[in-house]
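Shown below: my_file-v9.tsv, with TSV, N, CA and C atoms.
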chain	number	residue	atom	x	y	z
Z	1248	MET	N	0.82	-1.17	0.00
Z	1248	MET	CA	0.00	0.00	0.00
Z	1248	MET	C	0.88	1.26	0.00
Z	1249	TYR	N	1.97	1.21	0.77
Z	1249	TYR	CA	2.87	2.35	0.79
Z	1249	TYR	C	3.40	2.66	-0.60
Z	1250	ALA	N	3.76	1.64	-1.35
Z	1250	ALA	CA	4.32	1.84	-2.67
Z	1250	ALA	C	3.29	2.42	-3.64
Z	1251	VAL	N	2.07	1.92	-3.57
Z	1251	VAL	CA	1.01	2.43	-4.44
Z	1251	VAL	C	0.76	3.91	-4.15
Z	1252	LEU	N	0.66	4.24	-2.88
Z	1252	LEU	CA	0.43	5.64	-2.51
Z	1252	LEU	C	1.62	6.52	-2.87
Z	1253	ALA	N	2.83	5.99	-2.70
Z	1253	ALA	CA	4.02	6.75	-3.04
Z	1253	ALA	C	4.03	7.08	-4.53
Z	1254	ARG	N	3.62	6.13	-5.36
Z	1254	ARG	CA	3.53	6.39	-6.80
Z	1254	ARG	C	2.49	7.46	-7.11
Z	1255	ALA	N	1.47	7.55	-6.29
Z	1255	ALA	CA	0.43	8.56	-6.46
Z	1255	ALA	C	0.85	9.91	-5.87
Z	1256	GLY	N	1.98	9.92	-5.16
Z	1256	GLY	CA	2.50	11.16	-4.62
Z	1256	GLY	C	1.93	11.57	-3.28
Z	1257	ILE	N	1.36	10.60	-2.54
Z	1257	ILE	CA	0.86	10.91	-1.20
Z	1257	ILE	C	1.35	9.86	-0.21
Z	1258	SER	N	1.39	10.25	1.03
Z	1258	SER	CA	1.80	9.31	2.07
Z	1258	SER	C	0.56	8.58	2.60
Z	1259	LEU	N	0.79	7.50	3.28
Z	1259	LEU	CA	-0.30	6.76	3.89
Z	1259	LEU	C	-1.03	7.65	4.89
Z	1260	GLU	N	-0.29	8.43	5.66
Z	1260	GLU	CA	-0.91	9.33	6.63
Z	1260	GLU	C	-1.84	10.33	5.94
Z	1261	GLN	N	-1.38	10.92	4.84
Z	1261	GLN	CA	-2.22	11.87	4.10
Z	1261	GLN	C	-3.50	11.20	3.60
Z	1262	TRP	N	-3.37	9.99	3.10
Z	1262	TRP	CA	-4.53	9.28	2.59
Z	1262	TRP	C	-5.53	8.98	3.70
Z	1263	VAL	N	-5.03	8.50	4.83
Z	1263	VAL	CA	-5.90	8.18	5.97
Z	1263	VAL	C	-6.61	9.44	6.45
Z	1264	ILE	N	-5.87	10.53	6.61
Z	1264	ILE	CA	-6.48	11.78	7.06
Z	1264	ILE	C	-7.55	12.23	6.06
Z	1265	GLY	N	-7.26	12.12	4.79
Z	1265	GLY	CA	-8.24	12.50	3.76
Z	1265	GLY	C	-9.51	11.67	3.85
Z	1266	GLU	N	-9.36	10.38	4.06
Z	1266	GLU	CA	-10.53	9.51	4.19
Z	1266	GLU	C	-11.33	9.86	5.44
Z	1267	ARG	N	-10.64	10.14	6.52
Z	1267	ARG	CA	-11.33	10.52	7.76
Z	1267	ARG	C	-12.06	11.84	7.60
Z	1268	LEU	N	-11.44	12.80	6.92
Z	1268	LEU	CA	-12.09	14.09	6.71
Z	1268	LEU	C	-13.32	13.96	5.82
Z	1269	GLU	N	-13.25	13.12	4.80
Z	1269	GLU	CA	-14.42	12.89	3.95
Z	1269	GLU	C	-15.56	12.27	4.74
Z	1270	ALA	N	-15.24	11.33	5.61
Z	1270	ALA	CA	-16.26	10.73	6.47
Z	1270	ALA	C	-16.87	11.78	7.38
Z	1271	ALA	N	-16.04	12.67	7.90
Z	1271	ALA	CA	-16.53	13.74	8.77
Z	1271	ALA	C	-17.48	14.66	8.01
Z	1272	CYS	N	-17.15	14.97	6.76
Z	1272	CYS	CA	-18.05	15.82	5.95
Z	1272	CYS	C	-19.42	15.18	5.83
Z	1273	ARG	N	-19.44	13.88	5.59
Z	1273	ARG	CA	-20.73	13.18	5.47
Z	1273	ARG	C	-21.51	13.22	6.78
Z	1274	LEU	N	-20.83	12.98	7.89
Z	1274	LEU	CA	-21.51	13.01	9.19
Z	1274	LEU	C	-22.02	14.41	9.54
Z	1275	LEU	N	-21.21	15.42	9.24
Z	1275	LEU	CA	-21.58	16.78	9.59
Z	1275	LEU	C	-22.85	17.25	8.87
Z	1276	THR	N	-23.10	16.70	7.69
Z	1276	THR	CA	-24.26	17.15	6.92
Z	1276	THR	C	-25.39	16.13	6.88
Z	1277	SER	N	-25.22	15.03	7.55
Z	1277	SER	CA	-26.25	14.00	7.59
Z	1277	SER	C	-27.41	14.45	8.49
Z	1278	PRO	N	-28.64	14.42	7.98
Z	1278	PRO	CA	-29.78	14.77	8.83
Z	1278	PRO	C	-29.86	13.88	10.08
Z	1279	ARG	N	-29.42	12.66	9.95
Z	1279	ARG	CA	-29.45	11.72	11.07
Z	1279	ARG	C	-28.50	12.13	12.20
Z	1280	HIS	N	-27.43	12.86	11.85
Z	1280	HIS	CA	-26.41	13.23	12.82
Z	1280	HIS	C	-26.34	14.73	13.09
Z	1281	VAL	N	-27.39	15.44	12.74
Z	1281	VAL	CA	-27.38	16.90	12.87
Z	1281	VAL	C	-27.14	17.36	14.30
Z	1282	GLY	N	-27.56	16.62	15.29
Z	1282	GLY	CA	-27.37	16.99	16.68
Z	1282	GLY	C	-26.06	16.51	17.28
Z	1283	LEU	N	-25.28	15.79	16.52
Z	1283	LEU	CA	-24.01	15.25	17.01
Z	1283	LEU	C	-22.97	16.36	17.12
Z	1284	PRO	N	-22.40	16.57	18.29
Z	1284	PRO	CA	-21.38	17.63	18.43
Z	1284	PRO	C	-20.18	17.37	17.52
Z	1285	VAL	N	-19.54	18.45	17.12
Z	1285	VAL	CA	-18.36	18.34	16.25
Z	1285	VAL	C	-17.29	17.46	16.90
Z	1286	SER	N	-17.13	17.56	18.21
Z	1286	SER	CA	-16.13	16.72	18.88
Z	1286	SER	C	-16.47	15.24	18.75
Z	1287	ALA	N	-17.75	14.90	18.76
Z	1287	ALA	CA	-18.16	13.50	18.58
Z	1287	ALA	C	-17.93	13.05	17.14
Z	1288	VAL	N	-18.16	13.94	16.19
Z	1288	VAL	CA	-17.87	13.62	14.78
Z	1288	VAL	C	-16.38	13.33	14.66
Z	1289	ALA	N	-15.56	14.18	15.26
Z	1289	ALA	CA	-14.11	13.97	15.22
Z	1289	ALA	C	-13.74	12.59	15.77
Z	1290	ALA	N	-14.29	12.25	16.91
Z	1290	ALA	CA	-13.99	10.96	17.53
Z	1290	ALA	C	-14.45	9.80	16.66
Z	1291	ARG	N	-15.64	9.90	16.10
Z	1291	ARG	CA	-16.15	8.81	15.25
Z	1291	ARG	C	-15.31	8.62	14.00
Z	1292	CYS	N	-14.63	9.68	13.59
Z	1292	CYS	CA	-13.82	9.60	12.37
Z	1292	CYS	C	-12.34	9.34	12.66
Z	1293	GLY	N	-12.03	9.01	13.92
Z	1293	GLY	CA	-10.68	8.58	14.26
Z	1293	GLY	C	-9.74	9.66	14.74
Z	1294	PHE	N	-10.24	10.85	15.00
Z	1294	PHE	CA	-9.40	11.92	15.53
Z	1294	PHE	C	-9.49	11.89	17.05
Z	1295	THR	N	-8.36	11.83	17.72
Z	1295	THR	CA	-8.37	11.79	19.18
Z	1295	THR	C	-8.42	13.18	19.80
Z	1296	SER	N	-8.13	14.19	19.01
Z	1296	SER	CA	-8.12	15.56	19.51
Z	1296	SER	C	-9.07	16.41	18.66
Z	1297	PRO	N	-10.12	16.97	19.26
Z	1297	PRO	CA	-11.03	17.84	18.50
Z	1297	PRO	C	-10.32	19.05	17.90
Z	1298	SER	N	-9.34	19.61	18.59
Z	1298	SER	CA	-8.63	20.77	18.04
Z	1298	SER	C	-7.78	20.39	16.84
Z	1299	HIS	N	-7.15	19.23	16.90
Z	1299	HIS	CA	-6.37	18.74	15.75
Z	1299	HIS	C	-7.31	18.50	14.56
Z	1300	PHE	N	-8.46	17.89	14.84
Z	1300	PHE	CA	-9.47	17.67	13.80
Z	1300	PHE	C	-9.87	18.99	13.16
Z	1301	SER	N	-10.18	19.99	13.97
Z	1301	SER	CA	-10.62	21.28	13.44
Z	1301	SER	C	-9.53	21.93	12.58
Z	1302	ARG	N	-8.28	21.85	13.03
Z	1302	ARG	CA	-7.18	22.42	12.24
Z	1302	ARG	C	-7.03	21.71	10.90
Z	1303	ARG	N	-7.06	20.38	10.92
Z	1303	ARG	CA	-6.92	19.63	9.67
Z	1303	ARG	C	-8.10	19.89	8.74
Z	1304	PHE	N	-9.30	19.97	9.31
Z	1304	PHE	CA	-10.49	20.22	8.52
Z	1304	PHE	C	-10.40	21.60	7.86
Z	1305	ARG	N	-10.02	22.60	8.63
Z	1305	ARG	CA	-9.93	23.96	8.09
Z	1305	ARG	C	-8.87	24.04	7.00
Z	1306	THR	N	-7.75	23.37	7.19
Z	1306	THR	CA	-6.70	23.35	6.17
Z	1306	THR	C	-7.21	22.71	4.88
Z	1307	ALA	N	-7.97	21.65	5.02
Z	1307	ALA	CA	-8.46	20.92	3.84
Z	1307	ALA	C	-9.60	21.64	3.13
Z	1308	TYR	N	-10.52	22.25	3.89
Z	1308	TYR	CA	-11.76	22.78	3.31
Z	1308	TYR	C	-11.93	24.28	3.42
Z	1309	GLY	N	-11.03	24.96	4.13
Z	1309	GLY	CA	-11.09	26.41	4.21
Z	1309	GLY	C	-12.08	26.98	5.21
Z	1310	VAL	N	-12.79	26.13	5.91
Z	1310	VAL	CA	-13.74	26.55	6.94
Z	1310	VAL	C	-13.65	25.55	8.09
Z	1311	THR	N	-14.17	25.95	9.25
Z	1311	THR	CA	-14.19	25.03	10.38
Z	1311	THR	C	-15.29	23.99	10.17
Z	1312	PRO	N	-15.23	22.88	10.89
Z	1312	PRO	CA	-16.30	21.88	10.77
Z	1312	PRO	C	-17.68	22.47	11.09
Z	1313	ARG	N	-17.75	23.33	12.08
Z	1313	ARG	CA	-19.03	23.95	12.45
Z	1313	ARG	C	-19.56	24.83	11.31
Z	1314	GLU	N	-18.65	25.61	10.70
Z	1314	GLU	CA	-19.05	26.44	9.56
Z	1314	GLU	C	-19.50	25.57	8.38
Z	1315	TRP	N	-18.79	24.48	8.13
Z	1315	TRP	CA	-19.13	23.55	7.05
Z	1315	TRP	C	-20.56	23.05	7.23
Z	1316	ARG	N	-20.85	22.62	8.44
Z	1316	ARG	CA	-22.18	22.09	8.75
Z	1316	ARG	C	-23.24	23.16	8.52
Z	1317	ARG	N	-23.00	24.34	9.05
Z	1317	ARG	CA	-23.98	25.43	8.92
Z	1317	ARG	C	-24.21	25.80	7.45
Z	1318	LEU	N	-23.14	25.93	6.70
Z	1318	LEU	CA	-23.27	26.30	5.29
Z	1318	LEU	C	-23.99	25.22	4.48
Z	1319	ARG	N	-23.68	23.97	4.73
Z	1319	ARG	CA	-24.30	22.87	3.98
Z	1319	ARG	C	-25.77	22.72	4.35
Z	1320	ILE	N	-26.09	22.86	5.62
Z	1320	ILE	CA	-27.48	22.73	6.04
Z	1320	ILE	C	-28.30	23.89	5.52
Z	1321	GLN	N	-27.74	25.10	5.55
Z	1321	GLN	CA	-28.44	26.26	5.00
Z	1321	GLN	C	-28.66	26.09	3.50
Z	1322	GLY	N	-27.63	25.59	2.82
Z	1322	GLY	CA	-27.74	25.38	1.37
Z	1322	GLY	C	-28.79	24.35	1.03
Z	1323	ALA	N	-28.88	23.30	1.83
Z	1323	ALA	CA	-29.88	22.25	1.59
Z	1323	ALA	C	-31.29	22.79	1.85
Z	1324	ALA	N	-31.44	23.64	2.86
Z	1324	ALA	CA	-32.74	24.20	3.18
Z	1324	ALA	C	-33.20	25.18	2.10
Z	1325	ALA	N	-32.24	25.85	1.46
Z	1325	ALA	CA	-32.58	26.82	0.43
Z	1325	ALA	C	-32.87	26.18	-0.92
Z	1326	SER	N	-32.41	24.95	-1.11
Z	1326	SER	CA	-32.62	24.26	-2.39
Z	1326	SER	C	-34.06	23.79	-2.51
Z	1327	PRO	N	-34.66	24.04	-3.68
Z	1327	PRO	CA	-36.03	23.52	-3.86
Z	1327	PRO	C	-36.02	22.01	-3.94
Z	1328	ARG	N	-37.01	21.40	-3.34
Z	1328	ARG	CA	-37.13	19.94	-3.38
Z	1328	ARG	C	-37.93	19.52	-4.60
Z	1329	ALA	N	-37.52	18.41	-5.13
Z	1329	ALA	CA	-38.25	17.87	-6.28
Z	1329	ALA	C	-39.56	17.27	-5.82
Z	1330	GLU	N	-40.60	17.60	-6.49
Z	1330	GLU	CA	-41.92	17.02	-6.17
Z	1330	GLU	C	-42.07	15.75	-7.00
Z	1331	GLY	N	-42.55	14.71	-6.38
Z	1331	GLY	CA	-42.61	13.46	-7.11
Z	1331	GLY	C	-43.94	12.92	-7.12

Would it be possible to restate this file's structure as structure tokens?
Amino acid sequence: MYAVLARAGISLEQWVIGERLEAACRLLTSPRHVGLPVSAVAARCGFTSPSHFSRRFRTAYGVTPREWRRLRIQGAAASPRAEG
């Protein structure tokens, strides 16, 4: 796995962090988990430190996890729903 990732130009640590951050994005915007505190999202995604999680999240996405959640939920509420 190290060799495959090295050929892709990323380290195993970078890949793992990326996967964890993507999982956090899904949890933060999931209607099922809307009441879950950001620190709990961090823990569920394998981050032992909420502050480390917030720093990595902000570096990756340009906003804090709390801002991400607020912006995504507001955007979903503003989007018209398809009538079926």

Contacts of range 1270-1282 of chain Z at 7 Å or less, counting all atoms listed in the file, minus same-chain residues fewer than 3 places along, as a list in words? Gly1265, Glu1266, Arg1267, Val1285, Val1288, Ala1289, Cys1292, Trp1315, Arg1316, Arg1319 and Ile1320 of chain Z

Rank nothing, just name the residue among Z:Ser1286, Z:Ala1255, Z:Phe1300, Z:Arg1313 nearest to Leu1268 in chain Z, using only C-alpha atoms.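 Residue with the minimum atom-to-atom distance to Leu1268 in chain Z: Z:Phe1300.
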
DSSP helix (DSSP H, G or I) residues within chain Z, as a ChimeraX atom specification: /Z:1249-1255,1259-1276,1278-1280,1285-1291,1297-1308,1312-1325

In Å, with one decimal, what is the gap from CA of Leu1252 in chain Z to CA of Thr1311 in chain Z?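 Atom-to-atom, CA of Leu1252 in chain Z to CA of Thr1311 in chain Z, that is 27.5 Å.
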
Taken to one decimal, the CA of Gln1261 in chain Z-CA of Arg1305 in chain Z distance is 14.9 Å

Since the input lacks atoms, please generate N, CA, C and O atoms for range 1268-1289 of chain Z and provide them as a PDB file, in the frame of the given file.
ATOM      1  N   LEU Z1268     -11.440  12.800   6.920  1.00  0.00           N
ATOM      2  CA  LEU Z1268     -12.090  14.090   6.710  1.00  0.00           C
ATOM      3  C   LEU Z1268     -13.320  13.960   5.820  1.00  0.00           C
ATOM      4  O   LEU Z1268     -14.345  14.614   6.054  1.00  0.00           O
ATOM      5  N   GLU Z1269     -13.250  13.120   4.800  1.00  0.00           N
ATOM      6  CA  GLU Z1269     -14.420  12.890   3.950  1.00  0.00           C
ATOM      7  C   GLU Z1269     -15.560  12.270   4.740  1.00  0.00           C
ATOM      8  O   GLU Z1269     -16.723  12.637   4.571  1.00  0.00           O
ATOM      9  N   ALA Z1270     -15.240  11.330   5.610  1.00  0.00           N
ATOM     10  CA  ALA Z1270     -16.260  10.730   6.470  1.00  0.00           C
ATOM     11  C   ALA Z1270     -16.870  11.780   7.380  1.00  0.00           C
ATOM     12  O   ALA Z1270     -18.087  11.803   7.602  1.00  0.00           O
ATOM     13  N   ALA Z1271     -16.040  12.670   7.900  1.00  0.00           N
ATOM     14  CA  ALA Z1271     -16.530  13.740   8.770  1.00  0.00           C
ATOM     15  C   ALA Z1271     -17.480  14.660   8.010  1.00  0.00           C
ATOM     16  O   ALA Z1271     -18.516  15.065   8.547  1.00  0.00           O
ATOM     17  N   CYS Z1272     -17.150  14.970   6.760  1.00  0.00           N
ATOM     18  CA  CYS Z1272     -18.050  15.820   5.950  1.00  0.00           C
ATOM     19  C   CYS Z1272     -19.420  15.180   5.830  1.00  0.00           C
ATOM     20  O   CYS Z1272     -20.447  15.864   5.942  1.00  0.00           O
ATOM     21  N   ARG Z1273     -19.440  13.880   5.590  1.00  0.00           N
ATOM     22  CA  ARG Z1273     -20.730  13.180   5.470  1.00  0.00           C
ATOM     23  C   ARG Z1273     -21.510  13.220   6.780  1.00  0.00           C
ATOM     24  O   ARG Z1273     -22.723  13.467   6.777  1.00  0.00           O
ATOM     25  N   LEU Z1274     -20.830  12.980   7.890  1.00  0.00           N
ATOM     26  CA  LEU Z1274     -21.510  13.010   9.190  1.00  0.00           C
ATOM     27  C   LEU Z1274     -22.020  14.410   9.540  1.00  0.00           C
ATOM     28  O   LEU Z1274     -23.114  14.560  10.078  1.00  0.00           O
ATOM     29  N   LEU Z1275     -21.210  15.420   9.240  1.00  0.00           N
ATOM     30  CA  LEU Z1275     -21.580  16.780   9.590  1.00  0.00           C
ATOM     31  C   LEU Z1275     -22.850  17.250   8.870  1.00  0.00           C
ATOM     32  O   LEU Z1275     -23.577  18.093   9.377  1.00  0.00           O
ATOM     33  N   THR Z1276     -23.100  16.700   7.690  1.00  0.00           N
ATOM     34  CA  THR Z1276     -24.260  17.150   6.920  1.00  0.00           C
ATOM     35  C   THR Z1276     -25.390  16.130   6.880  1.00  0.00           C
ATOM     36  O   THR Z1276     -26.423  16.382   6.266  1.00  0.00           O
ATOM     37  N   SER Z1277     -25.220  15.030   7.550  1.00  0.00           N
ATOM     38  CA  SER Z1277     -26.250  14.000   7.590  1.00  0.00           C
ATOM     39  C   SER Z1277     -27.410  14.450   8.490  1.00  0.00           C
ATOM     40  O   SER Z1277     -27.183  14.799   9.653  1.00  0.00           O
ATOM     41  N   PRO Z1278     -28.640  14.420   7.980  1.00  0.00           N
ATOM     42  CA  PRO Z1278     -29.780  14.770   8.830  1.00  0.00           C
ATOM     43  C   PRO Z1278     -29.860  13.880  10.080  1.00  0.00           C
ATOM     44  O   PRO Z1278     -30.270  14.331  11.136  1.00  0.00           O
ATOM     45  N   ARG Z1279     -29.420  12.660   9.950  1.00  0.00           N
ATOM     46  CA  ARG Z1279     -29.450  11.720  11.070  1.00  0.00           C
ATOM     47  C   ARG Z1279     -28.500  12.130  12.200  1.00  0.00           C
ATOM     48  O   ARG Z1279     -28.701  11.794  13.357  1.00  0.00           O
ATOM     49  N   HIS Z1280     -27.430  12.860  11.850  1.00  0.00           N
ATOM     50  CA  HIS Z1280     -26.410  13.230  12.820  1.00  0.00           C
ATOM     51  C   HIS Z1280     -26.340  14.730  13.090  1.00  0.00           C
ATOM     52  O   HIS Z1280     -25.357  15.215  13.615  1.00  0.00           O
ATOM     53  N   VAL Z1281     -27.390  15.440  12.740  1.00  0.00           N
ATOM     54  CA  VAL Z1281     -27.380  16.900  12.870  1.00  0.00           C
ATOM     55  C   VAL Z1281     -27.140  17.360  14.300  1.00  0.00           C
ATOM     56  O   VAL Z1281     -26.522  18.404  14.529  1.00  0.00           O
ATOM     57  N   GLY Z1282     -27.560  16.620  15.290  1.00  0.00           N
ATOM     58  CA  GLY Z1282     -27.370  16.990  16.680  1.00  0.00           C
ATOM     59  C   GLY Z1282     -26.060  16.510  17.280  1.00  0.00           C
ATOM     60  O   GLY Z1282     -25.759  16.810  18.433  1.00  0.00           O
ATOM     61  N   LEU Z1283     -25.280  15.790  16.520  1.00  0.00           N
ATOM     62  CA  LEU Z1283     -24.010  15.250  17.010  1.00  0.00           C
ATOM     63  C   LEU Z1283     -22.970  16.360  17.120  1.00  0.00           C
ATOM     64  O   LEU Z1283     -22.715  17.058  16.141  1.00  0.00           O
ATOM     65  N   PRO Z1284     -22.400  16.570  18.290  1.00  0.00           N
ATOM     66  CA  PRO Z1284     -21.380  17.630  18.430  1.00  0.00           C
ATOM     67  C   PRO Z1284     -20.180  17.370  17.520  1.00  0.00           C
ATOM     68  O   PRO Z1284     -19.852  16.223  17.200  1.00  0.00           O
ATOM     69  N   VAL Z1285     -19.540  18.450  17.120  1.00  0.00           N
ATOM     70  CA  VAL Z1285     -18.360  18.340  16.250  1.00  0.00           C
ATOM     71  C   VAL Z1285     -17.290  17.460  16.900  1.00  0.00           C
ATOM     72  O   VAL Z1285     -16.650  16.663  16.222  1.00  0.00           O
ATOM     73  N   SER Z1286     -17.130  17.560  18.210  1.00  0.00           N
ATOM     74  CA  SER Z1286     -16.130  16.720  18.880  1.00  0.00           C
ATOM     75  C   SER Z1286     -16.470  15.240  18.750  1.00  0.00           C
ATOM     76  O   SER Z1286     -15.569  14.400  18.615  1.00  0.00           O
ATOM     77  N   ALA Z1287     -17.750  14.900  18.760  1.00  0.00           N
ATOM     78  CA  ALA Z1287     -18.160  13.500  18.580  1.00  0.00           C
ATOM     79  C   ALA Z1287     -17.930  13.050  17.140  1.00  0.00           C
ATOM     80  O   ALA Z1287     -17.556  11.902  16.906  1.00  0.00           O
ATOM     81  N   VAL Z1288     -18.160  13.940  16.190  1.00  0.00           N
ATOM     82  CA  VAL Z1288     -17.870  13.620  14.780  1.00  0.00           C
ATOM     83  C   VAL Z1288     -16.380  13.330  14.660  1.00  0.00           C
ATOM     84  O   VAL Z1288     -15.985  12.343  14.023  1.00  0.00           O
ATOM     85  N   ALA Z1289     -15.560  14.180  15.260  1.00  0.00           N
ATOM     86  CA  ALA Z1289     -14.110  13.970  15.220  1.00  0.00           C
ATOM     87  C   ALA Z1289     -13.740  12.590  15.770  1.00  0.00           C
ATOM     88  O   ALA Z1289     -12.979  11.848  15.137  1.00  0.00           O
TER      89      ALA Z1289
END
